[in-house]
file model-v5.cif (mmCIF, C-alpha atoms and all ligand atoms)
data_data
#
loop_
_atom_site.label_atom_id
_atom_site.label_comp_id
_atom_site.auth_asym_id
_atom_site.auth_seq_id
_atom_site.Cartn_x
_atom_site.Cartn_y
_atom_site.Cartn_z
CA MET A 462 45.29 -7.92 -7.36
CA ILE A 463 43.54 -5.48 -5.00
CA GLN A 464 46.89 -4.90 -3.40
CA GLN A 465 48.44 -4.08 -6.78
CA LEU A 466 45.64 -1.64 -7.58
CA ALA A 467 46.12 0.05 -4.25
CA ARG A 468 49.84 0.43 -5.04
CA LEU A 469 48.89 1.85 -8.44
CA VAL A 470 46.70 4.48 -6.81
CA GLU A 471 49.57 5.40 -4.47
CA VAL A 472 51.86 5.79 -7.48
CA SER A 473 49.35 8.10 -9.25
CA VAL A 474 49.04 10.31 -6.20
CA THR A 475 52.81 10.77 -5.97
CA LEU A 476 53.09 11.28 -9.74
CA ASN A 477 50.61 14.10 -9.55
CA SER A 478 52.38 15.83 -6.73
CA THR A 479 56.04 15.62 -7.80
CA LEU A 480 57.35 18.57 -9.78
CA ASP A 481 61.07 17.90 -9.83
CA PRO A 482 61.73 16.25 -13.25
CA ASP A 483 64.66 14.05 -12.11
CA GLN A 484 62.90 12.85 -9.00
CA LEU A 485 59.81 12.15 -11.06
CA LEU A 486 61.60 10.06 -13.70
CA HIS A 487 63.32 7.94 -11.08
CA PHE A 488 60.13 7.43 -9.18
CA ILE A 489 58.33 6.24 -12.33
CA ILE A 490 60.89 3.61 -13.31
CA GLU A 491 61.39 2.41 -9.77
CA LYS A 492 57.66 1.91 -9.27
CA ALA A 493 57.14 0.38 -12.72
CA ALA A 494 59.84 -2.24 -12.00
CA GLU A 495 58.53 -2.88 -8.52
CA LEU A 496 54.85 -3.21 -9.46
CA LEU A 497 55.54 -5.53 -12.37
CA ASP A 498 58.17 -7.50 -10.43
CA CYS A 499 60.93 -6.80 -12.98
CA GLU A 500 64.69 -6.36 -12.83
CA ALA A 501 64.66 -2.97 -14.50
CA ALA A 502 62.59 -0.31 -16.20
CA SER A 503 63.39 2.59 -18.48
CA ILE A 504 61.90 5.67 -20.05
CA MET A 505 62.71 6.89 -23.54
CA LEU A 506 61.37 10.23 -24.61
CA TYR A 507 60.89 11.44 -28.15
CA ASP A 508 63.18 14.20 -29.42
CA GLU A 509 61.22 16.00 -32.15
CA LYS A 510 64.21 17.83 -33.62
CA ARG A 511 66.28 14.70 -34.16
CA ASP A 512 63.28 12.43 -34.77
CA GLN A 513 64.60 9.77 -32.40
CA LEU A 514 64.11 8.46 -28.90
CA TYR A 515 66.64 8.93 -26.13
CA PHE A 516 66.95 7.34 -22.70
CA THR A 517 65.86 9.70 -19.98
CA ALA A 518 65.94 7.34 -17.03
CA ALA A 519 66.65 3.70 -16.31
CA THR A 520 67.03 1.37 -13.34
CA GLY A 521 69.47 -1.48 -13.28
CA THR A 522 73.19 -1.63 -13.77
CA ASP A 523 75.06 1.39 -15.09
CA SER A 524 71.85 3.33 -15.48
CA GLU A 525 73.75 6.61 -15.59
CA LYS A 526 75.41 5.55 -18.85
CA LEU A 527 72.03 4.92 -20.43
CA VAL A 528 70.79 8.39 -19.96
CA GLU A 529 71.00 10.40 -23.19
CA ILE A 530 71.78 7.35 -25.37
CA PRO A 531 69.83 7.82 -28.62
CA VAL A 532 67.59 5.03 -29.88
CA PRO A 533 66.56 5.13 -33.56
CA LEU A 534 62.87 4.86 -34.45
CA GLU A 535 63.66 2.26 -37.10
CA GLY A 536 65.39 -0.94 -36.07
CA SER A 537 64.64 -0.84 -32.37
CA ILE A 538 61.91 -2.30 -30.16
CA ALA A 539 61.19 1.01 -28.47
CA GLY A 540 60.98 2.67 -31.91
CA THR A 541 58.42 0.08 -33.00
CA ILE A 542 56.29 0.66 -29.91
CA PHE A 543 56.54 4.41 -30.51
CA ARG A 544 55.67 4.27 -34.21
CA GLU A 545 52.90 1.71 -33.88
CA ASN A 546 51.63 3.41 -30.75
CA LYS A 547 50.67 0.19 -28.95
CA PRO A 548 52.03 -2.08 -26.21
CA LEU A 549 54.45 -4.84 -27.12
CA VAL A 550 55.48 -7.95 -25.16
CA ILE A 551 58.63 -9.83 -26.17
CA ASN A 552 59.64 -12.90 -24.22
CA GLU A 553 62.94 -13.63 -25.96
CA VAL A 554 64.48 -10.29 -26.62
CA GLU A 555 67.82 -11.69 -27.82
CA LYS A 556 66.11 -13.46 -30.70
CA ASP A 557 64.08 -10.46 -31.83
CA PRO A 558 65.48 -8.86 -34.99
CA ARG A 559 64.42 -5.41 -33.78
CA HIS A 560 66.56 -5.68 -30.67
CA TYR A 561 68.91 -2.70 -30.63
CA ASN A 562 71.86 -4.38 -28.90
CA GLN A 563 74.14 -1.32 -28.81
CA VAL A 564 72.44 -0.26 -25.62
CA GLY A 565 72.87 -3.56 -23.84
CA GLU A 566 76.56 -3.60 -24.75
CA GLN A 567 77.16 -0.14 -23.39
CA VAL A 568 75.58 -0.75 -20.03
CA LYS A 569 76.24 -4.45 -19.68
CA PHE A 570 72.59 -5.27 -19.06
CA GLN A 571 71.02 -7.99 -21.12
CA PRO A 572 67.26 -7.86 -21.50
CA HIS A 573 65.56 -11.24 -21.84
CA SER A 574 61.90 -10.35 -21.57
CA LEU A 575 60.37 -6.96 -22.20
CA LEU A 576 57.07 -5.15 -21.95
CA GLY A 577 56.92 -1.69 -23.55
CA VAL A 578 54.01 0.75 -23.74
CA PRO A 579 53.72 4.12 -25.46
CA MET A 580 53.50 7.27 -23.33
CA ARG A 581 50.81 9.61 -24.60
CA ILE A 582 49.41 13.03 -23.91
CA ARG A 583 46.04 13.20 -25.63
CA ASP A 584 46.74 12.14 -29.26
CA LYS A 585 50.45 12.74 -29.11
CA THR A 586 52.94 9.99 -28.33
CA THR A 587 55.74 11.44 -26.25
CA GLY A 588 57.86 8.40 -25.40
CA VAL A 589 58.04 4.76 -24.37
CA LEU A 590 58.03 3.13 -20.94
CA GLU A 591 59.60 -0.31 -20.73
CA ALA A 592 59.73 -2.96 -18.00
CA LEU A 593 62.51 -5.52 -18.44
CA ASN A 594 63.19 -9.08 -17.29
CA LYS A 595 60.17 -10.21 -15.35
CA ARG A 596 61.40 -12.19 -12.39
CA LYS A 597 58.70 -14.89 -12.41
CA GLY A 598 56.89 -16.15 -15.50
CA ASP A 599 55.80 -14.12 -18.52
CA PHE A 600 54.20 -10.69 -18.75
CA THR A 601 50.43 -10.88 -18.30
CA ASP A 602 47.54 -8.79 -19.64
CA MET A 603 47.28 -7.30 -16.19
CA ASP A 604 50.94 -6.16 -16.48
CA VAL A 605 50.18 -4.51 -19.83
CA ARG A 606 47.24 -2.61 -18.33
CA MET A 607 49.17 -1.59 -15.23
CA LEU A 608 52.14 -0.29 -17.19
CA SER A 609 49.80 1.55 -19.58
CA VAL A 610 48.14 3.33 -16.66
CA ILE A 611 51.52 4.31 -15.22
CA ALA A 612 52.71 5.48 -18.66
CA SER A 613 49.74 7.74 -19.32
CA GLN A 614 49.99 9.35 -15.90
CA ALA A 615 53.75 9.61 -16.19
CA ALA A 616 53.51 11.37 -19.57
CA VAL A 617 51.34 14.12 -18.11
CA ALA A 618 53.43 14.40 -14.95
CA ILE A 619 56.68 14.71 -16.96
CA HIS A 620 55.08 17.30 -19.23
CA ASN A 621 53.92 19.35 -16.22
CA ALA A 622 57.24 19.06 -14.43
CA ASN A 623 59.04 20.25 -17.59
CA LEU A 624 56.66 23.19 -17.87
CA VAL A 625 57.24 24.14 -14.26
CA GLN A 626 60.99 23.88 -14.76
CA ALA A 627 60.84 26.04 -17.90
CA LEU A 628 58.79 28.59 -15.98
CA GLN A 629 61.32 28.56 -13.14
CA HIS A 630 64.17 29.11 -15.63
CA ALA A 631 62.27 31.98 -17.26
CA TYR A 632 61.62 33.47 -13.83
CA ASP A 633 65.29 33.14 -12.82
CA GLU A 634 66.34 34.76 -16.08
CA LEU A 635 63.89 37.62 -15.56
CA SER A 636 65.17 38.16 -12.03
CA ARG A 637 68.72 38.24 -13.36
CA ILE A 638 67.81 40.79 -16.03
CA ASP A 639 65.84 42.81 -13.49
CA LYS A 640 68.90 42.94 -11.26
CA ILE A 641 71.04 44.13 -14.18
CA LYS A 642 68.47 46.87 -14.78
CA SER A 643 68.48 47.93 -11.12
CA ASP A 644 72.28 47.90 -10.97
CA PHE A 645 72.49 49.89 -14.19
CA ILE A 646 70.05 52.50 -12.90
CA ALA A 647 71.91 52.74 -9.60
CA ILE A 648 75.31 53.17 -11.28
CA ALA A 649 74.07 55.50 -14.03
CA SER A 650 72.20 57.80 -11.67
CA HIS A 651 75.16 57.87 -9.29
CA GLU A 652 77.63 58.66 -12.07
CA LEU A 653 75.38 61.37 -13.53
CA ARG A 654 75.00 63.16 -10.23
CA THR A 655 78.59 64.47 -9.96
CA PRO A 656 78.87 66.18 -13.39
CA LEU A 657 75.31 67.42 -12.96
CA GLY A 658 76.25 69.07 -9.68
CA VAL A 659 79.08 70.89 -11.45
CA ILE A 660 76.77 72.08 -14.27
CA LEU A 661 74.18 73.26 -11.75
CA GLY A 662 76.79 75.09 -9.70
CA TYR A 663 78.30 76.95 -12.66
CA ALA A 664 74.92 77.67 -14.28
CA THR A 665 73.62 79.23 -11.05
CA PHE A 666 76.79 81.28 -10.77
CA LEU A 667 76.58 82.37 -14.44
CA GLN A 668 72.92 83.27 -14.14
CA GLU A 669 73.67 85.55 -11.20
CA GLU A 670 76.62 87.21 -12.91
CA ALA A 671 75.50 87.43 -16.53
CA GLN A 672 73.59 90.32 -18.02
CA GLY A 673 70.97 90.57 -20.78
CA GLU A 674 70.87 87.80 -23.33
CA MET A 675 73.65 85.87 -21.60
CA SER A 676 71.54 85.68 -18.47
CA GLU A 677 68.69 84.14 -20.47
CA HIS A 678 71.07 81.52 -21.87
CA ALA A 679 72.34 80.74 -18.39
CA SER A 680 68.71 80.35 -17.18
CA ALA A 681 68.01 77.93 -20.00
CA VAL A 682 71.05 75.83 -19.01
CA LEU A 683 70.04 75.98 -15.35
CA ASN A 684 66.43 74.93 -16.06
CA SER A 685 67.51 72.01 -18.20
CA ALA A 686 70.01 70.91 -15.58
CA LEU A 687 67.32 71.12 -12.90
CA ARG A 688 65.01 68.99 -15.04
CA LEU A 689 67.84 66.50 -15.55
CA ARG A 690 68.41 66.38 -11.81
CA SER A 691 64.76 65.58 -11.15
CA LEU A 692 64.94 62.75 -13.72
CA VAL A 693 68.06 61.33 -12.06
CA GLU A 694 66.38 61.65 -8.67
CA ALA A 695 63.31 59.84 -9.97
CA MET A 696 65.50 56.93 -11.11
CA THR A 697 67.30 56.78 -7.77
CA ASN A 698 64.07 57.00 -5.80
CA MET A 699 62.38 54.29 -7.83
CA ASN A 700 65.34 51.98 -7.43
CA MET A 701 65.50 52.49 -3.69
CA LEU A 702 61.74 51.99 -3.32
CA ARG A 703 61.91 48.79 -5.34
CA LEU A 704 64.80 47.44 -3.32
CA GLY A 705 63.00 48.38 -0.11
CA SER A 706 65.94 50.46 1.03
CA VAL A 707 63.99 53.67 1.60
CA LYS A 708 63.86 54.79 5.21
CA LEU A 709 60.89 56.92 6.17
CA ASP A 710 61.30 59.63 8.72
CA MET A 711 57.81 59.40 10.21
CA GLN A 712 56.26 62.32 12.05
CA PRO A 713 52.92 64.15 12.06
CA VAL A 714 52.68 65.97 8.71
CA ILE A 715 50.14 68.65 7.85
CA LEU A 716 48.96 67.70 4.38
CA GLN A 717 48.14 71.28 3.35
CA LYS A 718 51.73 72.24 4.16
CA ALA A 719 53.22 69.40 2.07
CA ILE A 720 50.96 70.44 -0.83
CA GLN A 721 51.98 74.11 -0.51
CA CYS A 722 55.68 73.15 -0.60
CA ALA A 723 55.08 71.04 -3.70
CA LEU A 724 53.15 73.89 -5.32
CA GLU A 725 56.06 76.27 -4.75
CA GLU A 726 58.36 73.81 -6.48
CA VAL A 727 56.26 73.65 -9.64
CA SER A 728 54.96 77.24 -9.59
CA LEU A 729 57.41 78.47 -12.23
CA ALA A 730 56.32 75.76 -14.63
CA PHE A 731 52.65 76.59 -13.99
CA GLU A 732 53.37 80.24 -14.69
CA SER A 733 55.18 79.48 -17.91
CA LYS A 734 51.98 77.80 -19.20
CA ARG A 735 49.78 80.48 -17.61
CA GLN A 736 47.96 77.73 -15.71
CA SER A 737 46.00 78.69 -12.62
CA VAL A 738 45.60 76.72 -9.41
CA ALA A 739 42.34 76.66 -7.49
CA LEU A 740 42.70 75.51 -3.89
CA SER A 741 39.85 74.12 -1.90
CA MET A 742 41.32 73.20 1.45
CA PRO A 743 39.55 73.34 4.84
CA GLY A 744 40.95 75.71 7.47
CA THR A 745 41.68 72.93 9.96
CA SER A 746 44.90 71.06 9.37
CA LEU A 747 44.75 67.55 7.96
CA VAL A 748 47.40 65.59 9.80
CA VAL A 749 48.82 62.29 8.61
CA SER A 750 51.67 60.26 10.00
CA GLY A 751 54.36 60.37 7.35
CA ASP A 752 57.69 61.45 5.90
CA GLU A 753 57.25 65.08 4.90
CA GLU A 754 59.90 65.03 2.22
CA LYS A 755 58.51 61.88 0.57
CA LEU A 756 54.92 63.15 0.73
CA ARG A 757 56.02 66.39 -0.90
CA LEU A 758 57.55 64.27 -3.69
CA VAL A 759 54.18 62.55 -4.26
CA PHE A 760 52.44 65.92 -4.74
CA VAL A 761 55.27 67.33 -6.87
CA ASN A 762 54.90 64.35 -9.21
CA LEU A 763 51.11 64.72 -9.43
CA LEU A 764 51.25 68.49 -9.94
CA ASP A 765 54.07 68.20 -12.47
CA ASN A 766 51.94 65.73 -14.45
CA ALA A 767 48.85 67.96 -14.21
CA MET A 768 50.96 70.80 -15.61
CA ARG A 769 52.58 68.76 -18.41
CA PHE A 770 49.45 66.97 -19.59
CA SER A 771 47.21 70.08 -19.61
CA PRO A 772 47.06 72.89 -22.13
CA GLU A 773 48.11 76.48 -21.55
CA ASP A 774 45.65 78.74 -19.68
CA SER A 775 43.93 75.74 -18.07
CA ARG A 776 43.05 75.33 -14.42
CA ILE A 777 44.27 72.79 -11.88
CA THR A 778 42.08 72.24 -8.82
CA ILE A 779 43.36 70.85 -5.54
CA ARG A 780 40.88 69.70 -2.91
CA THR A 781 41.55 68.27 0.53
CA GLN A 782 38.91 66.88 2.87
CA VAL A 783 38.32 64.34 5.59
CA VAL A 784 36.13 61.43 4.52
CA LYS A 785 35.27 59.11 7.39
CA ASP A 786 38.64 58.21 8.94
CA GLU A 787 40.67 59.15 5.90
CA ALA A 788 42.40 62.32 4.73
CA LYS A 789 41.69 62.73 1.03
CA VAL A 790 43.46 64.85 -1.59
CA GLU A 791 42.20 65.32 -5.15
CA ILE A 792 44.22 66.93 -7.93
CA GLN A 793 42.10 67.61 -10.96
CA ASP A 794 43.18 69.01 -14.32
CA GLU A 795 41.59 69.96 -17.63
CA GLY A 796 44.16 68.12 -19.71
CA ILE A 797 44.37 65.30 -22.21
CA GLY A 798 42.62 62.78 -19.94
CA ILE A 799 43.31 59.05 -19.66
CA PRO A 800 41.55 56.17 -21.49
CA PRO A 801 39.72 53.85 -19.03
CA SER A 802 41.94 50.90 -19.99
CA GLU A 803 45.05 52.83 -18.93
CA LEU A 804 43.92 54.07 -15.52
CA GLU A 805 45.80 51.29 -13.69
CA ASN A 806 48.67 50.80 -16.15
CA ILE A 807 49.98 54.32 -15.67
CA PHE A 808 51.12 53.36 -12.15
CA LYS A 809 53.55 50.77 -13.55
CA GLU A 810 57.24 51.62 -13.80
CA PHE A 811 58.32 53.24 -17.08
CA TYR A 812 54.73 53.11 -18.39
CA GLN A 813 53.50 55.96 -20.54
CA VAL A 814 50.18 56.12 -22.39
CA GLU A 815 51.69 57.88 -25.32
CA ASP A 816 54.07 55.94 -27.54
CA HIS A 817 57.68 56.44 -26.43
CA MET A 818 58.61 57.35 -29.99
CA THR A 819 56.54 60.53 -30.19
CA ARG A 820 57.64 61.85 -26.79
CA ARG A 821 55.51 64.96 -26.86
CA TYR A 822 55.29 65.18 -23.09
CA GLY A 823 58.73 63.95 -22.04
CA GLY A 824 59.21 62.17 -18.71
CA LEU A 825 60.45 58.73 -17.75
CA GLY A 826 57.19 57.08 -16.74
CA LEU A 827 58.33 56.82 -13.13
CA GLY A 828 56.47 59.62 -11.33
CA LEU A 829 53.27 57.70 -10.63
CA ALA A 830 55.06 54.44 -9.79
CA ILE A 831 57.08 56.36 -7.20
CA ALA A 832 53.96 58.13 -5.94
CA ARG A 833 52.12 54.83 -5.48
CA SER A 834 55.06 53.17 -3.68
CA VAL A 835 55.40 56.11 -1.31
CA VAL A 836 51.66 56.36 -0.67
CA GLU A 837 51.46 52.62 0.04
CA LEU A 838 54.39 52.86 2.45
CA HIS A 839 52.17 55.34 4.30
CA ARG A 840 49.30 52.79 4.30
CA GLY A 841 47.40 54.98 1.84
CA HIS A 842 45.92 54.52 -1.64
CA ILE A 843 46.27 56.41 -4.87
CA TRP A 844 44.26 56.05 -8.08
CA ALA A 845 43.34 57.94 -11.21
CA GLU A 846 39.91 58.88 -12.54
CA SER A 847 39.10 60.29 -15.96
CA ASP A 848 36.10 60.44 -18.25
CA GLY A 849 38.45 59.59 -21.12
CA PRO A 850 40.73 61.28 -23.64
CA GLY A 851 40.29 65.04 -23.76
CA LYS A 852 38.14 65.08 -20.61
CA GLY A 853 40.79 65.90 -17.97
CA SER A 854 42.06 63.67 -15.17
CA MET A 855 41.77 63.48 -11.43
CA PHE A 856 44.27 61.83 -9.12
CA VAL A 857 42.99 60.87 -5.70
CA VAL A 858 45.22 60.11 -2.71
CA VAL A 859 43.91 58.92 0.66
CA PHE A 860 45.81 58.39 3.91
CA PRO A 861 44.69 57.21 7.33
CA ASN A 862 43.66 60.45 9.05
CA GLN A 863 45.55 61.33 12.22
CA SER A 864 43.90 64.70 12.93
CA GLY A 865 42.06 64.87 16.26
P1 LIG B 901 55.81 60.49 -16.88
O1 LIG B 901 54.90 61.63 -16.59
O2 LIG B 901 57.23 60.79 -16.60
O3 LIG B 901 55.60 59.87 -18.20
P2 LIG B 901 54.33 59.22 -14.78
O4 LIG B 901 54.56 57.92 -14.07
O5 LIG B 901 54.23 60.42 -13.92
O6 LIG B 901 55.49 59.37 -15.82
O7 LIG B 901 53.03 59.09 -15.64
C1 LIG B 901 52.85 57.95 -16.44
C2 LIG B 901 51.89 58.25 -17.58
O8 LIG B 901 50.57 58.49 -17.06
C3 LIG B 901 52.21 59.50 -18.36
O9 LIG B 901 53.21 59.26 -19.32
C4 LIG B 901 50.86 59.81 -18.98
O10 LIG B 901 50.65 58.98 -20.08
C5 LIG B 901 49.88 59.41 -17.87
N1 LIG B 901 49.53 60.57 -17.02
C6 LIG B 901 50.03 60.89 -15.80
N2 LIG B 901 49.45 61.98 -15.31
C7 LIG B 901 48.53 62.38 -16.22
C8 LIG B 901 47.60 63.47 -16.30
N3 LIG B 901 47.48 64.35 -15.30
N4 LIG B 901 46.83 63.55 -17.41
C9 LIG B 901 46.93 62.64 -18.40
N5 LIG B 901 47.79 61.61 -18.40
C10 LIG B 901 48.59 61.48 -17.33
#

call {"tool": "encode", "arguments": {"input": "model-v5.cif", "output": "structure tokens", "more": "lines below"}}
Ligand code: ADP
result
Amino acid sequence: MIQQLARLVEVSVTLNSTLDPDQLLHFIIEKAAELLDCEAASIMLYDEKRDQLYFTAATGTDSEKLVEIPVPLEGSIAGTIFRENKPLVINEVEKDPRHYNQVGEQVKFQPHSLLGVPMRIRDKTTGVLEALNKRKGDFTDMDVRMLSVIASQAAVAIHNANLVQALQHAYDELSRIDKIKSDFIAIASHELRTPLGVILGYATFLQEEAQGEMSEHASAVLNSALRLRSLVEAMTNMNMLRLGSVKLDMQPVILQKAIQCALEEVSLAFESKRQSVALSMPGTSLVVSGDEEKLRLVFVNLLDNAMRFSPEDSRITIRTQVVKDEAKVEIQDEGIGIPPSELENIFKEFYQVEDHMTRRYGGLGLGLAIARSVVELHRGHIWAESDGPGKGSMFVVVFPNQSG
């Protein structure tokens, strides 16, 4: 008896640590048959949609055939155990009117004696576990208790394994969809680049040649095409960062210089909104180890946001300083601000605080995700601070300081 209990404990431990549903089912029936000294064992689970039981696993001859065979709730022994929700011992199965002999015929296995117990999770019966043809003597009370213990543990283990499998399927499906998205972005941005190059080329040419009103029209085309190019570039950059295929050309970079380059790139947009820029940068150069082009992109994205999310005639302040062993850059605006709950979300891909439907500020929701990826590749950190809507925002970037 002690030996049997020890075996039972071993079975529970394995049940709780197996997550592969097939392996689990086979383990349960094998151990149930072995512990009760029976010829075979089987599990029938309840199918809610069809309101019937079906074989999920069985030992013994032709067990494969058994799997998926339906067993009605009425007119079968397993159905009775399920409905009445209590163990049942039958010593002469052939003589029992509830015996559902279709199964035996299909798999050429004749049950003579049978012990069946319901499988339950809390108050819900989920199936039936049966041990068949005890080799010596009749089923005992001890057998009933042992099989009941196995059944209750098995029900939970099967439930967990199914959940894990469903989660794995959902994860696989998400990965597949994510790959489709990445491929689509890669193809779309690649295909857009060629016609865009042509538009940019001709618009530049037209702008130089045209006079008066025509020149204004050409500028409008050129500006829109430039905006389109930066959107396409954002998509390409994000994709490459996500796929880890971005190569950094690392060298000592003077942060003030990268910021000045970025400022030049957005200066026209600042001017068009009559926004001023206040610079507070120390005379000594702040040097970080980085890819100049990629760092410039970080500041272009932050400055472009400061411009877009701030009103006309407002001021944007840029501060750089060394704090302990870090080089720190702050870009502060007097714009629409960010609610506290959104301060982290805005760094997610395609995330925008404003509803996509209103689209007052344009953009793809990629600028900050790109900025964070690039900053992190440089072993730095980036975050946003704001006192809330209408109170302006401040973006802070820190890098390990390399200046002497
Ligand atoms: P995009 O600007 O193209 O929407 P970003 O990733 O650059 O994408 O920004 C994501 C979102 O973060 C923006 O849509 C906006 O809601 C918010 N945001 C970014 N910068 C600022 C800012 N300076 N002031 C207020 N909100 C901002």

call {"tool": "residues_near_ligand", "arguments": {"input": "model-v5.cif", "ligand": "ligand LIG 901 (chain B)", "cutoff": "7 Å", "atoms": "only C-alpha atoms and all ligand atoms", "output": "VMD selection string"}}
result
chain A and resid 762 to 763 766 to 767 770 to 771 794 796 to 799 807 to 808 810 to 815 823 to 830 853 to 855

call {"tool": "atom_distance", "arguments": {"input": "model-v5.cif", "atom1": "atom CA of Ser473 of chain A", "atom2": "atom CA of Ala518 of chain A"}}
result
18.3 Å

call {"tool": "atom_distance", "arguments": {"input": "model-v5.cif", "atom1": "atom CA of Ala539 of chain A", "atom2": "atom CA of Tyr561 of chain A"}}
result
8.8 Å

call {"tool": "residues_around", "arguments": {"input": "model-v5.cif", "residues": "Phe731 of chain A", "least_positions_apart": "3", "cutoff": "10 Å", "atoms": "only C-alpha atoms", "output": "list in words"}}
result
Leu724, Glu725, Glu726, Val727, Ser728, Lys734, Arg735, Gln736, Ser737, Val738, Leu764, Asp765, Ala767, Met768, Arg769, Glu773, Asp774, Ser775, Arg776 and Ile777 of chain A

call {"tool": "closest_residue", "arguments": {"input": "model-v5.cif", "among": "A:Leu661, A:Ile792, A:Asn698, A:Leu704", "to": "Ala681 of chain A", "atoms": "only C-alpha atoms"}}
result
A:Leu661

call {"tool": "atom_distance", "arguments": {"input": "model-v5.cif", "atom1": "atom CA of Asp786 of chain A", "atom2": "atom CA of Gly705 of chain A"}}
result
27.8 Å

call {"tool": "residues_around", "arguments": {"input": "model-v5.cif", "residues": "segment 551-559 of chain A", "least_positions_apart": "6", "cutoff": "6 Å", "atoms": "only C-alpha atoms", "output": "short mmCIF file (atom, residue, chain, number, x, y, z; two decimals) with C-alpha atoms, in the frame of the given file"}}
result
data_model
loop_
_atom_site.label_atom_id
_atom_site.label_comp_id
_atom_site.auth_asym_id
_atom_site.auth_seq_id
_atom_site.Cartn_x
_atom_site.Cartn_y
_atom_site.Cartn_z
CA GLY A 536 65.39 -0.94 -36.07
CA SER A 537 64.64 -0.84 -32.37
CA ILE A 538 61.91 -2.30 -30.16
CA HIS A 573 65.56 -11.24 -21.84
CA SER A 574 61.90 -10.35 -21.57
CA LEU A 575 60.37 -6.96 -22.20
#

call {"tool": "closest_atom_pairs", "arguments": {"input": "model-v5.cif", "of": "segment 545-647 of chain A", "to": "segment 492-503 of chain A", "cutoff": "10 Å", "atoms": "only C-alpha atoms", "output": "tab-separated table"}}
result
residue	atom	partner	partner_atom	distance
A:Phe570	CA	A:Ala501	CA	9.4
A:Pro572	CA	A:Ala501	CA	8.9
A:Ser574	CA	A:Cys499	CA	9.3
A:Leu575	CA	A:Ala502	CA	9.2
A:Leu576	CA	A:Ala502	CA	9.3
A:Gly577	CA	A:Ser503	CA	9.3
A:Val589	CA	A:Ser503	CA	8.2
A:Leu590	CA	A:Ser503	CA	5.9
A:Glu591	CA	A:Ser503	CA	5.3
A:Ala592	CA	A:Ala502	CA	4.3
A:Leu593	CA	A:Ala501	CA	5.2
A:Asn594	CA	A:Cys499	CA	5.4
A:Lys595	CA	A:Cys499	CA	4.2
A:Arg596	CA	A:Cys499	CA	5.4
A:Lys597	CA	A:Asp498	CA	7.7
A:Phe600	CA	A:Leu497	CA	8.3
A:Thr601	CA	A:Leu497	CA	9.5
A:Met603	CA	A:Leu497	CA	9.3
A:Asp604	CA	A:Leu497	CA	6.2
A:Val605	CA	A:Leu497	CA	9.2
A:Met607	CA	A:Leu497	CA	8.0
A:Leu608	CA	A:Ala493	CA	6.7
A:Ile611	CA	A:Ala493	CA	7.3
A:Ala612	CA	A:Ala493	CA	9.0

call {"tool": "closest_residue", "arguments": {"input": "model-v5.cif", "among": "A:Arg468, A:Arg581, A:Lys547, A:Lys755", "to": "Tyr507 of chain A", "atoms": "all atoms listed in the file"}}
result
A:Arg581

call {"tool": "closest_residue", "arguments": {"input": "model-v5.cif", "among": "A:Gln668, A:Ser676, A:Ser613, A:Gln712", "to": "Glu754 of chain A", "atoms": "only C-alpha atoms"}}
result
A:Gln712

call {"tool": "closest_residue", "arguments": {"input": "model-v5.cif", "among": "A:Glu509, A:Glu791, A:Glu471, A:Asp816", "to": "His842 of chain A", "atoms": "only C-alpha atoms"}}
result
A:Glu791

call {"tool": "residues_around", "arguments": {"input": "model-v5.cif", "residues": "segment 619-629 of chain A", "least_positions_apart": "4", "cutoff": "8 Å", "atoms": "all atoms listed in the file", "output": "PDB file with C-alpha atoms, keeping the file's coordinate frame"}}
result
ATOM      1  CA  THR A 479      56.040  15.620  -7.800  1.00  0.00           C
ATOM      2  CA  LEU A 480      57.350  18.570  -9.780  1.00  0.00           C
ATOM      3  CA  ASP A 481      61.070  17.900  -9.830  1.00  0.00           C
ATOM      4  CA  PRO A 482      61.730  16.250 -13.250  1.00  0.00           C
ATOM      5  CA  LEU A 485      59.810  12.150 -11.060  1.00  0.00           C
ATOM      6  CA  LEU A 486      61.600  10.060 -13.700  1.00  0.00           C
ATOM      7  CA  ALA A 615      53.750   9.610 -16.190  1.00  0.00           C
ATOM      8  CA  ASP A 633      65.290  33.140 -12.820  1.00  0.00           C
TER       9      ASP A 633
END

call {"tool": "residues_around", "arguments": {"input": "model-v5.cif", "residues": "Ile715 of chain A", "least_positions_apart": "4", "cutoff": "7 Å", "atoms": "all atoms listed in the file", "output": "ChimeraX atom specification"}}
result
/A:719,746-749

call {"tool": "residues_around", "arguments": {"input": "model-v5.cif", "residues": "segment 640-651 of chain A", "least_positions_apart": "4", "cutoff": "8 Å", "atoms": "only C-alpha atoms", "output": "list of chain:residue names"}}
result
A:Ser636, A:Thr655, A:Val693, A:Glu694, A:Met696, A:Thr697, A:Asn700

call {"tool": "closest_residue", "arguments": {"input": "model-v5.cif", "among": "A:Val550, A:Leu653, A:Ile660, A:Ala695", "to": "Ala679 of chain A", "atoms": "all atoms listed in the file"}}
result
A:Ile660

call {"tool": "closest_residue", "arguments": {"input": "model-v5.cif", "among": "A:Thr745, A:Ser834, A:Ser680, A:Gln717", "to": "Ile779 of chain A", "atoms": "only C-alpha atoms"}}
result
A:Gln717
